[in-house]
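Take a look at the structure set out below.
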Amino acid sequence: MVLRCIKCGRIYPEDEIRYRCDCGGLLEVVIDLDKVDTKIFDGKNITLWKYESWLPVKKRVSLNEGGTPLYRLENLEKELGVRELYAKNEGANPTGSFKDRGMTVGVSKALELGMDKVICASTGNTSASLAAYAAKAGIKAYVLVPSGKIALGKLAQAIIYGAQVVPVNGNFDDALRVVVEASRELGVYMLNSINPFRLEGQKTIAYEIYDQLQRVPDNVVVPVGNAGNISAIWKGFKELYEAGVIDELPRMIGIQAEGASPLAKAWKEGREFRPEEKPETVATAIRIGNPANWPKAWNAAKESGGLFESVTDEEILEAQRILASKEGLFVEPASAASLAGLIKLLREGVIDKSESYVLITTGHGLKDPNIVVNNFKLPEPIEPTLEAFRRVME
């Protein structure tokens with residue numbers, strides 16, 4: 001196992017603490033596929049660490065993450081006219097988001113490397129997950145968050161898990177810049193998705209989708225913020241393919257919020273990537289203007305024959321309501337971007353209704369309940385009588 005630059009191909013040893021190549025390119029973990037267990041995909045006892053032979057670290061810190069439900073969305077299939085539609089509900093992870101997959105591997109790697117302090121910049125979910133896994137590991141966690149730009153449900157998690165929460169006057173990209181400098185100068189281990197070991201945990205979403213379906217879906221639709229998840233899932237499917245477990249690959253479709261959509265704009269306009277200077281969206285988890293993993297995400301869409309699309313906040317909130325009211329799944333707004341994107345692409349005829357789709361819903365709705373509460377007004381109270389309630393039913 002080694003680290004390899006996706007830009008120049010330079011190789012680094014796995015035990016060297018670095019997050020980028022000397023050329024500035026992103027690093028990826030290259031595992032030895034000759035040593036993986038290809039016979040474990042039997043649809044049984046699914047958890048993240050079932051795939052330990054495919055991961056670059058031994059289990060050291062775990063909260064029983066992974067094994068999240070894959071729901072068949074039968075009501076929406078009928079309504080949208082889609083042949084097969086599923087949701088991989090990552091909100092069922094221990095801290096309520098997909099970030100737990102990366103943190104169990106990332107914090108385990110930190111311990112393996114002898115690190116006793118970890119750090120991240122976060123719009124919310126990363127901070128909650130890092131704080132929980134650091135608490136379990138008994139090490140110090142620092143989380144830098146954009147001041148006033150983080151959902152209270154996520155901030156509460158980071159606080160109660162015992163992390164040192166540091167608000168930053170600026171956005172996520174400003175916070176990440178400080179984290180990168182601190183990891184270089186102050187001896188703290190960075191666990192943002194620029195860390196290639198964290199993405200190794202997130203690639204297990206691909207393993208689980210295949211394990212649960214016992215086949216590969218035609219399309220996987222993913223909300224895109226810092227762009228690590230779509231990259232990781234694609235890497236997982238490619239490894240399955242290269243190891244001979246599967247003989248086909250899905251198309252990767254990335255969905256961004258319109259107010260934070262540098263990848264979607266570059267893709268649709270056929271131009272070079274340019275960061276969004278002032279990202280803004282109700283979907284706080286993907287309110288990121290300069291995704292650190294954009295080159296990996298771009299490669300995932302290009303190699304898979306996929307695409308990027310953006311959706312408005314109104315479309316996101318409507319998709320959140322639809323997913324809850326039609327299928328009983330309450331997800332945070334960023335998660336609903338995947339359904340919003342699917343609906344838009346179907347409406348515009350960009351994708352085929354006769355294919356199968358797996359939506360990645362990245363976080364639980366209780367991560368950001370104020371979005372719902374602030375947009376809903378309770379009716380006037382009734383008198384405590386049957387007659388009063390009868391009038392409500394009429």
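How things are named: the first chain in the structure tokens is A, the next is B, and so on; residues count from 1 in each chain; ligands count from 1 in the order shown.
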Region 261-307 of chain A near region 161-172 of chain A within 12 Å: what's each residue's closest atom pair and its distance in Å to one decimal, counting only C-alpha atoms, ordered by chain then ascending residue number, as a Markdown table?
| residue | atom | partner | partner_atom | distance |
| --- | --- | --- | --- | --- |
| A:Glu276 | CA | A:Asn171 | CA | 11.3 |
| A:Glu277 | CA | A:Asn171 | CA | 9.6 |
| A:Lys278 | CA | A:Asn171 | CA | 8.1 |
| A:Pro279 | CA | A:Asn171 | CA | 8.2 |
| A:Glu280 | CA | A:Asn171 | CA | 9.7 |
| A:Thr284 | CA | A:Phe172 | CA | 10.1 |
| A:Ala285 | CA | A:Phe172 | CA | 10.0 |
| A:Ile286 | CA | A:Phe172 | CA | 9.8 |
| A:Arg287 | CA | A:Phe172 | CA | 7.8 |
| A:Ile288 | CA | A:Phe172 | CA | 6.3 |
| A:Gly289 | CA | A:Phe172 | CA | 8.1 |
| A:Asn290 | CA | A:Phe172 | CA | 8.8 |
| A:Pro291 | CA | A:Phe172 | CA | 9.7 |
| A:Ala292 | CA | A:Phe172 | CA | 10.8 |
For the residues in the current selection, export all heavy atoms as an mmCIF file, in the first residue's frame.
data_model
loop_
_atom_site.group_PDB
_atom_site.id
_atom_site.type_symbol
_atom_site.label_atom_id
_atom_site.label_comp_id
_atom_site.auth_asym_id
_atom_site.auth_seq_id
_atom_site.Cartn_x
_atom_site.Cartn_y
_atom_site.Cartn_z
ATOM 1 N N GLU A 276 -16.147 29.413 -6.108
ATOM 2 C CA GLU A 276 -17.238 30.342 -5.815
ATOM 3 C C GLU A 276 -16.794 31.181 -4.621
ATOM 4 O O GLU A 276 -16.566 30.653 -3.534
ATOM 5 C CB GLU A 276 -18.506 29.556 -5.473
ATOM 6 C CG GLU A 276 -19.761 30.368 -5.439
ATOM 7 C CD GLU A 276 -20.535 30.241 -6.736
ATOM 8 O OE1 GLU A 276 -20.672 29.129 -7.250
ATOM 9 O OE2 GLU A 276 -20.996 31.281 -7.205
ATOM 10 N N GLU A 277 -16.672 32.474 -4.814
ATOM 11 C CA GLU A 277 -16.098 33.316 -3.759
ATOM 12 C C GLU A 277 -16.994 33.431 -2.540
ATOM 13 O O GLU A 277 -16.513 33.436 -1.399
ATOM 14 C CB GLU A 277 -15.771 34.710 -4.310
ATOM 15 C CG GLU A 277 -14.598 34.707 -5.285
ATOM 16 C CD GLU A 277 -14.180 36.116 -5.668
ATOM 17 O OE1 GLU A 277 -14.654 37.079 -5.006
ATOM 18 O OE2 GLU A 277 -13.389 36.253 -6.610
ATOM 19 N N LYS A 278 -18.301 33.563 -2.735
ATOM 20 C CA LYS A 278 -19.218 33.736 -1.611
ATOM 21 C C LYS A 278 -20.357 32.720 -1.711
ATOM 22 O O LYS A 278 -21.483 33.062 -2.084
ATOM 23 C CB LYS A 278 -19.766 35.169 -1.581
ATOM 24 C CG LYS A 278 -18.693 36.214 -1.311
ATOM 25 C CD LYS A 278 -19.287 37.613 -1.259
ATOM 26 C CE LYS A 278 -18.208 38.654 -0.970
ATOM 27 N NZ LYS A 278 -18.767 40.032 -0.924
ATOM 28 N N PRO A 279 -20.076 31.460 -1.364
ATOM 29 C CA PRO A 279 -21.114 30.424 -1.467
ATOM 30 C C PRO A 279 -22.253 30.681 -0.489
ATOM 31 O O PRO A 279 -22.019 31.105 0.647
ATOM 32 C CB PRO A 279 -20.363 29.143 -1.115
ATOM 33 C CG PRO A 279 -19.222 29.597 -0.262
ATOM 34 C CD PRO A 279 -18.818 30.931 -0.814
ATOM 35 N N GLU A 280 -23.464 30.429 -0.932
ATOM 36 C CA GLU A 280 -24.622 30.632 -0.067
ATOM 37 C C GLU A 280 -25.729 29.671 -0.468
ATOM 38 O O GLU A 280 -26.122 29.592 -1.628
ATOM 39 C CB GLU A 280 -25.126 32.073 -0.186
ATOM 40 C CG GLU A 280 -26.146 32.444 0.887
ATOM 41 C CD GLU A 280 -25.622 32.224 2.303
ATOM 42 O OE1 GLU A 280 -24.582 32.809 2.659
ATOM 43 O OE2 GLU A 280 -26.251 31.445 3.033
ATOM 44 N N THR A 284 -26.600 23.811 4.384
ATOM 45 C CA THR A 284 -25.329 24.216 4.995
ATOM 46 C C THR A 284 -24.212 23.195 4.796
ATOM 47 O O THR A 284 -23.040 23.576 4.689
ATOM 48 C CB THR A 284 -25.512 24.459 6.502
ATOM 49 O OG1 THR A 284 -26.049 23.280 7.119
ATOM 50 C CG2 THR A 284 -26.443 25.625 6.754
ATOM 51 N N ALA A 285 -24.536 21.917 4.736
ATOM 52 C CA ALA A 285 -23.508 20.886 4.625
ATOM 53 C C ALA A 285 -22.752 20.951 3.304
ATOM 54 O O ALA A 285 -21.637 20.432 3.207
ATOM 55 C CB ALA A 285 -24.121 19.503 4.807
ATOM 56 N N ILE A 286 -23.339 21.559 2.273
ATOM 57 C CA ILE A 286 -22.651 21.678 0.987
ATOM 58 C C ILE A 286 -22.427 23.147 0.611
ATOM 59 O O ILE A 286 -22.258 23.474 -0.565
ATOM 60 C CB ILE A 286 -23.409 20.921 -0.129
ATOM 61 C CG1 ILE A 286 -24.872 21.357 -0.222
ATOM 62 C CG2 ILE A 286 -23.318 19.417 0.101
ATOM 63 C CD1 ILE A 286 -25.611 20.723 -1.411
ATOM 64 N N ARG A 287 -22.395 24.015 1.608
ATOM 65 C CA ARG A 287 -22.139 25.437 1.371
ATOM 66 C C ARG A 287 -20.614 25.658 1.291
ATOM 67 O O ARG A 287 -19.985 26.223 2.190
ATOM 68 C CB ARG A 287 -22.752 26.280 2.490
ATOM 69 C CG ARG A 287 -22.688 27.776 2.232
ATOM 70 C CD ARG A 287 -23.076 28.547 3.486
ATOM 71 N NE ARG A 287 -24.495 28.536 3.739
ATOM 72 C CZ ARG A 287 -25.040 28.653 4.943
ATOM 73 N NH1 ARG A 287 -24.267 28.725 6.020
ATOM 74 N NH2 ARG A 287 -26.354 28.649 5.087
ATOM 75 N N ILE A 288 -20.031 25.181 0.211
ATOM 76 C CA ILE A 288 -18.581 25.223 0.026
ATOM 77 C C ILE A 288 -18.279 25.742 -1.372
ATOM 78 O O ILE A 288 -18.763 25.195 -2.370
ATOM 79 C CB ILE A 288 -17.969 23.819 0.236
ATOM 80 C CG1 ILE A 288 -18.191 23.372 1.689
ATOM 81 C CG2 ILE A 288 -16.473 23.808 -0.106
ATOM 82 C CD1 ILE A 288 -17.809 21.938 1.967
ATOM 83 N N GLY A 289 -17.489 26.785 -1.442
ATOM 84 C CA GLY A 289 -17.213 27.428 -2.717
ATOM 85 C C GLY A 289 -15.969 26.945 -3.423
ATOM 86 O O GLY A 289 -15.821 27.136 -4.634
ATOM 87 N N ASN A 290 -15.052 26.317 -2.681
ATOM 88 C CA ASN A 290 -13.799 25.858 -3.274
ATOM 89 C C ASN A 290 -13.525 24.420 -2.831
ATOM 90 O O ASN A 290 -12.690 24.169 -1.967
ATOM 91 C CB ASN A 290 -12.650 26.775 -2.858
ATOM 92 C CG ASN A 290 -11.363 26.468 -3.609
ATOM 93 O OD1 ASN A 290 -11.376 25.827 -4.661
ATOM 94 N ND2 ASN A 290 -10.246 26.940 -3.080
ATOM 95 N N PRO A 291 -14.236 23.457 -3.393
ATOM 96 C CA PRO A 291 -14.109 22.061 -2.959
ATOM 97 C C PRO A 291 -12.676 21.550 -3.092
ATOM 98 O O PRO A 291 -12.103 21.560 -4.182
ATOM 99 C CB PRO A 291 -15.039 21.307 -3.910
ATOM 100 C CG PRO A 291 -15.977 22.337 -4.459
ATOM 101 C CD PRO A 291 -15.202 23.599 -4.498
ATOM 102 N N ALA A 292 -12.111 21.086 -1.977
ATOM 103 C CA ALA A 292 -10.715 20.643 -1.980
ATOM 104 C C ALA A 292 -10.503 19.456 -2.908
ATOM 105 O O ALA A 292 -9.437 19.307 -3.508
ATOM 106 C CB ALA A 292 -10.286 20.290 -0.563
#
**OP:** Please identify all polymer residues within 6 Å of region 212-226 of chain A, counting only C-alpha atoms, omitting same-chain residues fewer than 4 positions from it, and present them as JSON, numbers by chain.
**Re:** {"A": [43, 208, 250, 251, 252, 253, 254, 255, 256, 286, 288, 291, 292, 337, 338, 356, 357, 358, 359, 360]}
Subject >> One-decimal distance in Å that lies between CA of Leu329 (chain A) and CA of Gly365 (chain A) >> reply: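 CA of Leu329 (chain A) lies 8.4 Å from CA of Gly365 (chain A).
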Subject >> Picked from region 274-331 of chain A by DSSP as strand (DSSP E), as a list in words >> reply: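 Restricting region 274-331 of chain A to strand (DSSP E) produces Leu307, Phe308, Glu309, Ser310 and Val311 of chain A.
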Alpha helix (DSSP H) residues, from DSSP on the backbone, in region 28-240 of chain A, as an mmCIF file with C-alpha atoms, in the first residue's frame:
data_model
loop_
_atom_site.group_PDB
_atom_site.id
_atom_site.type_symbol
_atom_site.label_atom_id
_atom_site.label_comp_id
_atom_site.auth_asym_id
_atom_site.auth_seq_id
_atom_site.Cartn_x
_atom_site.Cartn_y
_atom_site.Cartn_z
ATOM 1 C CA GLU A 74 -41.529 2.529 -4.345
ATOM 2 C CA ASN A 75 -43.875 5.495 -3.966
ATOM 3 C CA LEU A 76 -41.463 7.828 -5.741
ATOM 4 C CA GLU A 77 -40.771 5.223 -8.408
ATOM 5 C CA LYS A 78 -44.452 5.355 -9.360
ATOM 6 C CA GLU A 79 -44.695 9.123 -9.096
ATOM 7 C CA LEU A 80 -41.557 9.810 -11.145
ATOM 8 C CA LYS A 99 -18.737 11.325 7.783
ATOM 9 C CA ASP A 100 -18.523 8.517 10.365
ATOM 10 C CA ARG A 101 -17.236 6.202 7.644
ATOM 11 C CA GLY A 102 -14.257 8.427 7.068
ATOM 12 C CA MET A 103 -13.632 9.143 10.711
ATOM 13 C CA THR A 104 -13.449 5.530 11.874
ATOM 14 C CA VAL A 105 -10.649 4.986 9.342
ATOM 15 C CA GLY A 106 -9.078 8.436 9.744
ATOM 16 C CA VAL A 107 -8.904 8.393 13.538
ATOM 17 C CA SER A 108 -7.696 4.785 13.480
ATOM 18 C CA LYS A 109 -4.911 5.949 11.139
ATOM 19 C CA ALA A 110 -4.107 8.865 13.439
ATOM 20 C CA LEU A 111 -3.528 6.431 16.314
ATOM 21 C CA GLU A 112 -1.465 4.169 14.068
ATOM 22 C CA ASN A 125 -21.226 17.034 10.036
ATOM 23 C CA THR A 126 -17.445 16.626 9.957
ATOM 24 C CA SER A 127 -17.084 18.432 13.278
ATOM 25 C CA ALA A 128 -19.691 16.196 14.942
ATOM 26 C CA SER A 129 -18.105 13.029 13.612
ATOM 27 C CA LEU A 130 -14.513 13.990 14.377
ATOM 28 C CA ALA A 131 -15.480 14.982 17.912
ATOM 29 C CA ALA A 132 -17.228 11.654 18.557
ATOM 30 C CA TYR A 133 -14.428 9.464 17.238
ATOM 31 C CA ALA A 134 -11.754 11.500 18.993
ATOM 32 C CA ALA A 135 -13.711 11.067 22.241
ATOM 33 C CA LYS A 136 -13.839 7.320 21.689
ATOM 34 C CA ALA A 137 -10.093 7.285 20.961
ATOM 35 C CA LEU A 152 -27.227 24.166 15.684
ATOM 36 C CA GLY A 153 -27.911 20.424 15.773
ATOM 37 C CA LYS A 154 -24.428 19.725 14.443
ATOM 38 C CA LEU A 155 -22.750 22.316 16.642
ATOM 39 C CA ALA A 156 -24.432 20.789 19.691
ATOM 40 C CA GLN A 157 -22.934 17.414 18.818
ATOM 41 C CA ALA A 158 -19.385 18.761 18.523
ATOM 42 C CA ILE A 159 -19.759 20.517 21.881
ATOM 43 C CA ILE A 160 -21.208 17.575 23.817
ATOM 44 C CA PHE A 172 -15.609 27.062 5.260
ATOM 45 C CA ASP A 173 -12.783 27.742 2.836
ATOM 46 C CA ASP A 174 -11.265 30.281 5.241
ATOM 47 C CA ALA A 175 -11.490 27.773 8.104
ATOM 48 C CA LEU A 176 -9.895 25.037 6.005
ATOM 49 C CA ARG A 177 -6.960 27.280 5.142
ATOM 50 C CA VAL A 178 -6.210 27.701 8.857
ATOM 51 C CA VAL A 179 -6.554 23.960 9.445
ATOM 52 C CA VAL A 180 -4.078 23.173 6.654
ATOM 53 C CA GLU A 181 -1.560 25.589 8.158
ATOM 54 C CA ALA A 182 -2.090 24.204 11.675
ATOM 55 C CA SER A 183 -1.580 20.633 10.480
ATOM 56 C CA ARG A 184 1.696 21.690 8.927
ATOM 57 C CA GLU A 185 3.035 23.827 11.758
ATOM 58 C CA PRO A 196 -6.730 10.381 1.547
ATOM 59 C CA PHE A 197 -7.212 7.933 4.418
ATOM 60 C CA ARG A 198 -10.531 9.501 5.361
ATOM 61 C CA LEU A 199 -11.880 8.905 1.883
ATOM 62 C CA GLU A 200 -10.932 5.242 2.234
ATOM 63 C CA GLY A 201 -13.671 4.891 4.834
ATOM 64 C CA GLN A 202 -16.204 6.657 2.647
ATOM 65 C CA THR A 204 -17.260 1.588 1.618
ATOM 66 C CA ILE A 205 -20.591 3.110 0.540
ATOM 67 C CA ALA A 206 -19.878 1.545 -2.854
ATOM 68 C CA TYR A 207 -19.091 -1.830 -1.292
ATOM 69 C CA GLU A 208 -22.326 -1.784 0.685
ATOM 70 C CA ILE A 209 -24.491 -0.778 -2.272
ATOM 71 C CA TYR A 210 -23.149 -3.731 -4.235
ATOM 72 C CA ASP A 211 -23.393 -6.053 -1.225
ATOM 73 C CA GLN A 212 -27.006 -5.051 -0.556
ATOM 74 C CA LEU A 213 -28.224 -5.090 -4.170
ATOM 75 C CA GLY A 228 -14.820 13.931 -1.301
ATOM 76 C CA ASN A 229 -17.799 11.577 -1.163
ATOM 77 C CA ILE A 230 -18.484 11.270 -4.891
ATOM 78 C CA SER A 231 -14.750 10.686 -5.380
ATOM 79 C CA ALA A 232 -14.605 8.031 -2.672
ATOM 80 C CA ILE A 233 -17.677 6.140 -3.880
ATOM 81 C CA TRP A 234 -16.294 6.039 -7.412
ATOM 82 C CA LYS A 235 -12.958 4.745 -6.075
ATOM 83 C CA GLY A 236 -14.822 1.982 -4.237
ATOM 84 C CA PHE A 237 -16.622 0.835 -7.366
ATOM 85 C CA LYS A 238 -13.416 0.975 -9.412
ATOM 86 C CA GLU A 239 -11.631 -1.215 -6.876
ATOM 87 C CA LEU A 240 -14.439 -3.764 -7.036
#
Subject >> Separation of CA of Glu65 (chain A) from CA of Leu85 (chain A) in Å >> reply: 23.8 Å
**OP:** Would you mind telling me which residue in A:Ala264, A:Val61, A:Val2, A:Ala283 lies nearest to Phe308 (chain A) when using only C-alpha atoms?
**Re:**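 Using only C-alpha atoms, Phe308 (chain A) sits closest to A:Ala264.
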Original post:
From the set A:Ala336, A:Ala266, A:Ala301, A:Ala319, which residue has the shortest atom-to-atom contact distance to Leu249 (chain A), counting only C-alpha atoms?
Top reply: A:Ala301
Original post:
From the set A:Glu16, A:Glu327, A:Glu309, A:Glu315, which residue has the shortest atom-to-atom contact distance to Pro262 (chain A), counting only C-alpha atoms?
Top reply: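 Closest residue, counting only C-alpha atoms: A:Glu309.
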**OP:** Would you mind listing what lies within 6 Å of Glu258 (chain A) as number ranges by chain, with only C-alpha atoms counted and same-chain residues fewer than 2 positions away left out?
**Re:** A: 260-261, 310-312
Export of prior selection with all heavy atoms as a tab-separated table (two decimals), in the first residue's frame:
chain	number	residue	atom	x	y	z
A	260	ALA	N	-23.75	27.44	-4.46
A	260	ALA	CA	-22.41	26.92	-4.15
A	260	ALA	C	-22.10	25.81	-5.15
A	260	ALA	O	-21.95	24.65	-4.80
A	260	ALA	CB	-22.38	26.38	-2.72
A	261	SER	N	-21.99	26.21	-6.43
A	261	SER	CA	-21.93	25.19	-7.50
A	261	SER	C	-20.78	25.40	-8.48
A	261	SER	O	-21.00	25.41	-9.69
A	261	SER	CB	-23.26	25.19	-8.26
A	261	SER	OG	-23.56	26.48	-8.76
A	310	SER	N	-26.82	21.49	-10.80
A	310	SER	CA	-27.13	22.29	-9.61
A	310	SER	C	-28.63	22.45	-9.47
A	310	SER	O	-29.38	22.38	-10.46
A	310	SER	CB	-26.46	23.67	-9.70
A	310	SER	OG	-26.96	24.39	-10.81
A	311	VAL	N	-29.07	22.67	-8.23
A	311	VAL	CA	-30.49	22.85	-7.94
A	311	VAL	C	-30.65	24.04	-7.01
A	311	VAL	O	-29.75	24.38	-6.23
A	311	VAL	CB	-31.10	21.58	-7.29
A	311	VAL	CG1	-31.24	20.48	-8.32
A	311	VAL	CG2	-30.27	21.11	-6.11
A	312	THR	N	-31.80	24.67	-7.07
A	312	THR	CA	-32.07	25.84	-6.23
A	312	THR	C	-32.40	25.42	-4.80
A	312	THR	O	-32.75	24.25	-4.54
A	312	THR	CB	-33.24	26.66	-6.79
A	312	THR	OG1	-34.44	25.86	-6.70
A	312	THR	CG2	-33.00	27.05	-8.24
Original post:
What is the CA of Ala121 (chain A)-CA of Val143 (chain A) distance in Å, reported with one decimal?
Top reply: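 A separation of 5.8 Å between them.
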Subject >> Selection near Val118 (chain A), 6 Å with only C-alpha atoms, sequence-local residues under 5 positions removed, as an MDAnalysis selection string >> reply: chainID A and resid 141 188:190
How would the residues just picked look written out with C-alpha atoms as a PDB file, in the first residue's frame?
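Writing the result to part-v9.pdb gives the following:
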ATOM      1  CA  ALA A 141     -10.131  17.280  18.817  1.00  0.00           C
ATOM      2  CA  VAL A 188      -2.172  18.166  14.670  1.00  0.00           C
ATOM      3  CA  TYR A 189      -3.496  15.502  12.307  1.00  0.00           C
ATOM      4  CA  MET A 190      -5.912  16.892   9.735  1.00  0.00           C
TER       5      MET A 190
END
Subject >> Distance criterion (only C-alpha atoms): nearest to Tyr142 (chain A) out of A:Thr385, A:Ser122, A:Ser354, A:Ser304 >> reply: A:Ser122
